[in-house]
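Report on the following structure.
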Amino acid sequence: MENSILKVIIVDDEELARKMLITGTNWSALHMEIIGEAVSGQDALSMMEEQIPDILFTDIKMPYMDGMELCSIVTRRYPHIKIVITTAFKDFDYAHQCISLGVSNFLLKPINRNELLSTLLKLREQIEKEKQQWLEFDHLKEILEKNFSFLRERFLLEFCENSTRSASTEKQISYYFPEGIPSYIQVTLLEAYSPYIGNLTEEERLLQDMKNLEFIKNYLKDRNHIEIFADNNHHLVLLTYSSNVQVISLCEQLQRSIYQTSGNEILFGIGNHYDNFYKAETSWMEALESLKFSRYMPNQPIIVYQNDIHVQNTGWTASPTELEDIKFYVKAGLPDSVQKHLTTLYTEPAGGLISLEHARMLSMTLLSSAVNVANDIGIPLDNMFSDYGNSFLQILLEPTSQDLRSRTSAFLIRLATEIATYRTNKSKNVLWEVMQYIQSHLTDSTLSLGSVAETFHMNDSYLSRTFTKELGFSFSKYLNRLRMEHAITLINTTDLKAYQIAEAVGIPDAYYFSNCFKKYTGKSIRDYRKGTT
């Protein structure tokens, strides 16, 4: 079995100790990668919200949260992680208390290169052996037979999102289509529609999706060359493999039948059909764009891509990072940040506005995100527009890029303001209180998921899950983004040195702060400062 890359995090409040471990061996030769450095147990746990390592090196004595407490939490949350204690000789007996926590690997400081190498080789052998237990043929075969339908649907979903042709993909298609690879593909996406769908709980929405899915499966059970399954975004995915299937007529029949049976409204986005199975991704993207338009035109719930949408056949795309930033600020209820970051999205690098076609595509994407954000939080859009479907359409039909930018910006800023007001008025919304607490204690270096959870008398795992589920981003990402934005403000408005800015944003370790800043902005503090002068 080919060795996989093992992920490693190093935790030590001393920069020199971290560097000695980093330079102590050839990590790549061992098929290992250091994915992060942390100066305390709190920082390490925040990193693990984003990426879970296979191996954790940690010191014992550190500020805010020592190695003992970190080991206790890690072995409880992530029992598969192998922990290596690095300790000075005087703490060695103390370190052995970690044995009761499941730690059995120790390295004495200063780290001996041979001992480090020997420890890593043993850990790799142990990890690979554990992984091998999951690869026993009979065990996997049994699981495969029980989960074949589910795995086939997951493969088709991933294939529609990325239809890159490769030898591996062809083998998978051959496995899931033993009768032969289809020579035809057309993707249709279905979505339950209601102005009040945001008021439903996640369980209620899932039950509604399952009801619609079960109804359609029964409706299609005697039909060939067609199948339907659910994705992870409350869509139903309808795939057709033959030109004999009249998709538009079928969608009309489904719409009437579902409404007559349950009263549920369904929106349909139909992609083009292709005589090449590897065009599934193209048809999928077209179906997504069609579905976006159907949300803005509830009186025309079935949208076909080729004639109704005038942003097709373009290679232009907006920056995913910038789009994610806008969605973040809208959902966080920060209208000033929305206004600040939105202006540049409609501007070419040379300074002029993007073309009308590109501006319309960008506005459509932003407004679609706004619908999702409002639904997730429970903001009724009819509070903002008497007829929001027509209002969205009026925005998209603006005749110039400037008008599109102005109208879209006004709507998103208003939505962010509505969200801020909505959350402020909900006195029982603890999550909003948590966000306010984080913003007001941003400079506190002890601020962490654990400390905030303790302040609000919550379990830290519950707070982490709730934060990610309700807001769409993790606690650590929210905290880091606020700190980095505050750091950028200080760089632009003061002459403070890097270590002073680090302390001012709640990160006392200047080296760690510099790494965080470069990761966030793509530039070092020095280069960023040069670029703003």
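Numbering starts fresh at 1 for the residues of each chain in the structure tokens, the chains themselves are lettered A, B, ... in the order given, and ligands are numbered from 1 as they appear.
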
Hey, which bits of region 218-326 of chain A sit within 7 Å of region 156-175 of chain A, and for each residue what's the closest pair of atoms and how far apart in Å (one decimal), counting only C-alpha atoms, rows by chain and increasing number, as a Markdown table?
```
| residue | atom | partner | partner_atom | distance |
| --- | --- | --- | --- | --- |
| A:Asp231 | CA | A:Leu157 | CA | 6.9 |
| A:Tyr278 | CA | A:Ser163 | CA | 5.5 |
| A:Lys279 | CA | A:Ser163 | CA | 6.9 |
| A:Ala280 | CA | A:Cys160 | CA | 5.1 |
| A:Glu281 | CA | A:Cys160 | CA | 4.5 |
| A:Trp284 | CA | A:Cys160 | CA | 5.9 |
```

Selection above as a file: N, CA and C atoms, as a CSV table (one decimal), in the first residue's frame:
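Listing of selection-v5.csv after writing:
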```csv
chain,number,residue,atom,x,y,z
A,231,ASP,N,-28.7,15.8,-3.1
A,231,ASP,CA,-27.3,16.3,-2.8
A,231,ASP,C,-27.3,16.8,-1.4
A,278,TYR,N,-19.1,12.8,-20.2
A,278,TYR,CA,-18.2,13.6,-19.4
A,278,TYR,C,-18.5,15.1,-19.5
A,279,LYS,N,-19.7,15.4,-20.1
A,279,LYS,CA,-20.2,16.8,-20.1
A,279,LYS,C,-21.2,17.0,-18.9
A,280,ALA,N,-21.2,16.0,-18.0
A,280,ALA,CA,-22.1,16.1,-16.9
A,280,ALA,C,-21.9,17.3,-16.1
A,281,GLU,N,-20.6,17.7,-15.9
A,281,GLU,CA,-20.3,18.9,-15.1
A,281,GLU,C,-20.9,20.2,-15.7
A,284,TRP,N,-24.5,20.2,-15.2
A,284,TRP,CA,-24.8,20.5,-13.8
A,284,TRP,C,-24.7,22.0,-13.5
```

Point to revise | Close residues, Ala332 (chain A) itself excluded, 10 Å, only C-alpha atoms, min 2 positions apart in chain, as JSON, numbers by chain | key: {"A": [326, 327, 328, 329, 330, 334, 335, 337, 338, 373, 416, 417, 419, 420, 423, 432, 435, 471, 472, 478]}

Practice item. Compile the contact shell of Ser118 (chain A) as a list in words: residues with an atom at most 12 Å away, counting only C-alpha atoms, same-chain residues fewer than 3 positions apart removed. Key: Gly24, Thr25, Leu30, Asn105, Phe106, Leu107, Ile111, Asn112, Arg113, Asn114, Glu115, Leu121, Lys122, Leu123, Arg124 and Glu125 of chain A

Residues from the last selection, N, CA and C atoms, saved as an mmCIF file, in the first residue's frame:
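part.cif, freshly written:
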```
data_model
loop_
_atom_site.group_PDB
_atom_site.id
_atom_site.type_symbol
_atom_site.label_atom_id
_atom_site.label_comp_id
_atom_site.auth_asym_id
_atom_site.auth_seq_id
_atom_site.Cartn_x
_atom_site.Cartn_y
_atom_site.Cartn_z
ATOM 1 N N GLY A 24 14.493 19.064 12.540
ATOM 2 C CA GLY A 24 15.127 17.892 13.118
ATOM 3 C C GLY A 24 15.142 16.662 12.233
ATOM 4 N N THR A 25 14.351 16.672 11.153
ATOM 5 C CA THR A 25 14.317 15.502 10.270
ATOM 6 C C THR A 25 13.772 15.916 8.914
ATOM 7 N N LEU A 30 9.693 11.138 5.001
ATOM 8 C CA LEU A 30 8.901 10.239 5.840
ATOM 9 C C LEU A 30 7.426 10.256 5.443
ATOM 10 N N ASN A 105 4.240 8.239 23.923
ATOM 11 C CA ASN A 105 5.429 8.662 23.186
ATOM 12 C C ASN A 105 6.008 9.916 23.828
ATOM 13 N N PHE A 106 7.289 9.850 24.189
ATOM 14 C CA PHE A 106 7.948 10.966 24.853
ATOM 15 C C PHE A 106 9.293 11.218 24.193
ATOM 16 N N LEU A 107 9.651 12.496 24.100
ATOM 17 C CA LEU A 107 10.976 12.883 23.619
ATOM 18 C C LEU A 107 11.556 13.894 24.592
ATOM 19 N N ILE A 111 15.889 17.807 21.602
ATOM 20 C CA ILE A 111 15.487 16.654 20.810
ATOM 21 C C ILE A 111 16.681 16.043 20.091
ATOM 22 N N ASN A 112 16.855 14.744 20.270
ATOM 23 C CA ASN A 112 17.891 14.005 19.546
ATOM 24 C C ASN A 112 17.333 13.570 18.191
ATOM 25 N N ARG A 113 18.078 13.864 17.110
ATOM 26 C CA ARG A 113 17.574 13.591 15.768
ATOM 27 C C ARG A 113 17.274 12.104 15.555
ATOM 28 N N ASN A 114 18.152 11.251 16.062
ATOM 29 C CA ASN A 114 17.943 9.808 15.878
ATOM 30 C C ASN A 114 16.700 9.331 16.625
ATOM 31 N N GLU A 115 16.507 9.857 17.851
ATOM 32 C CA GLU A 115 15.326 9.476 18.616
ATOM 33 C C GLU A 115 14.046 9.993 17.945
ATOM 34 N N LEU A 121 9.154 6.853 12.771
ATOM 35 C CA LEU A 121 9.027 5.597 12.027
ATOM 36 C C LEU A 121 8.077 4.633 12.742
ATOM 37 N N LYS A 122 8.194 4.569 14.073
ATOM 38 C CA LYS A 122 7.304 3.707 14.849
ATOM 39 C C LYS A 122 5.854 4.180 14.739
ATOM 40 N N LEU A 123 5.650 5.498 14.793
ATOM 41 C CA LEU A 123 4.300 6.037 14.695
ATOM 42 C C LEU A 123 3.693 5.758 13.324
ATOM 43 N N ARG A 124 4.505 5.943 12.262
ATOM 44 C CA ARG A 124 3.996 5.653 10.918
ATOM 45 C C ARG A 124 3.603 4.181 10.808
ATOM 46 N N GLU A 125 4.436 3.300 11.320
ATOM 47 C CA GLU A 125 4.125 1.871 11.260
ATOM 48 C C GLU A 125 2.831 1.570 12.018
#
```

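For the residues A:Arg76, A:Lys82, A:Lys519, A:Lys109, ranking by smallest atom-to-atom distance to Glu130 (chain A) using only C-alpha atoms places A:Lys82 first.
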
Exercise for review: Just give me the gap between CA of Gly531 (chain A) and CA of Ala487 (chain A) in Å, one decimal is fine.
Suggested key: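 CA of Ala487 (chain A) lies at a distance of 15.0 Å from CA of Gly531 (chain A).
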
Check your understanding: Would you give me, as a count of residues only, the residues in region 62-297 of chain A that DSSP reads as helix (DSSP H, G or I)?
Key -> 137

Point to revise | CA of Ile438 (chain A) to CA of Leu479 (chain A), distance in Å rounded to a single decimal | key: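 So the two atoms, CA of Ile438 (chain A) and CA of Leu479 (chain A), lie 7.3 Å apart.
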
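From CA of Asp495 (chain A) back to CA of Leu345 (chain A), the distance works out to 29.4 Å.
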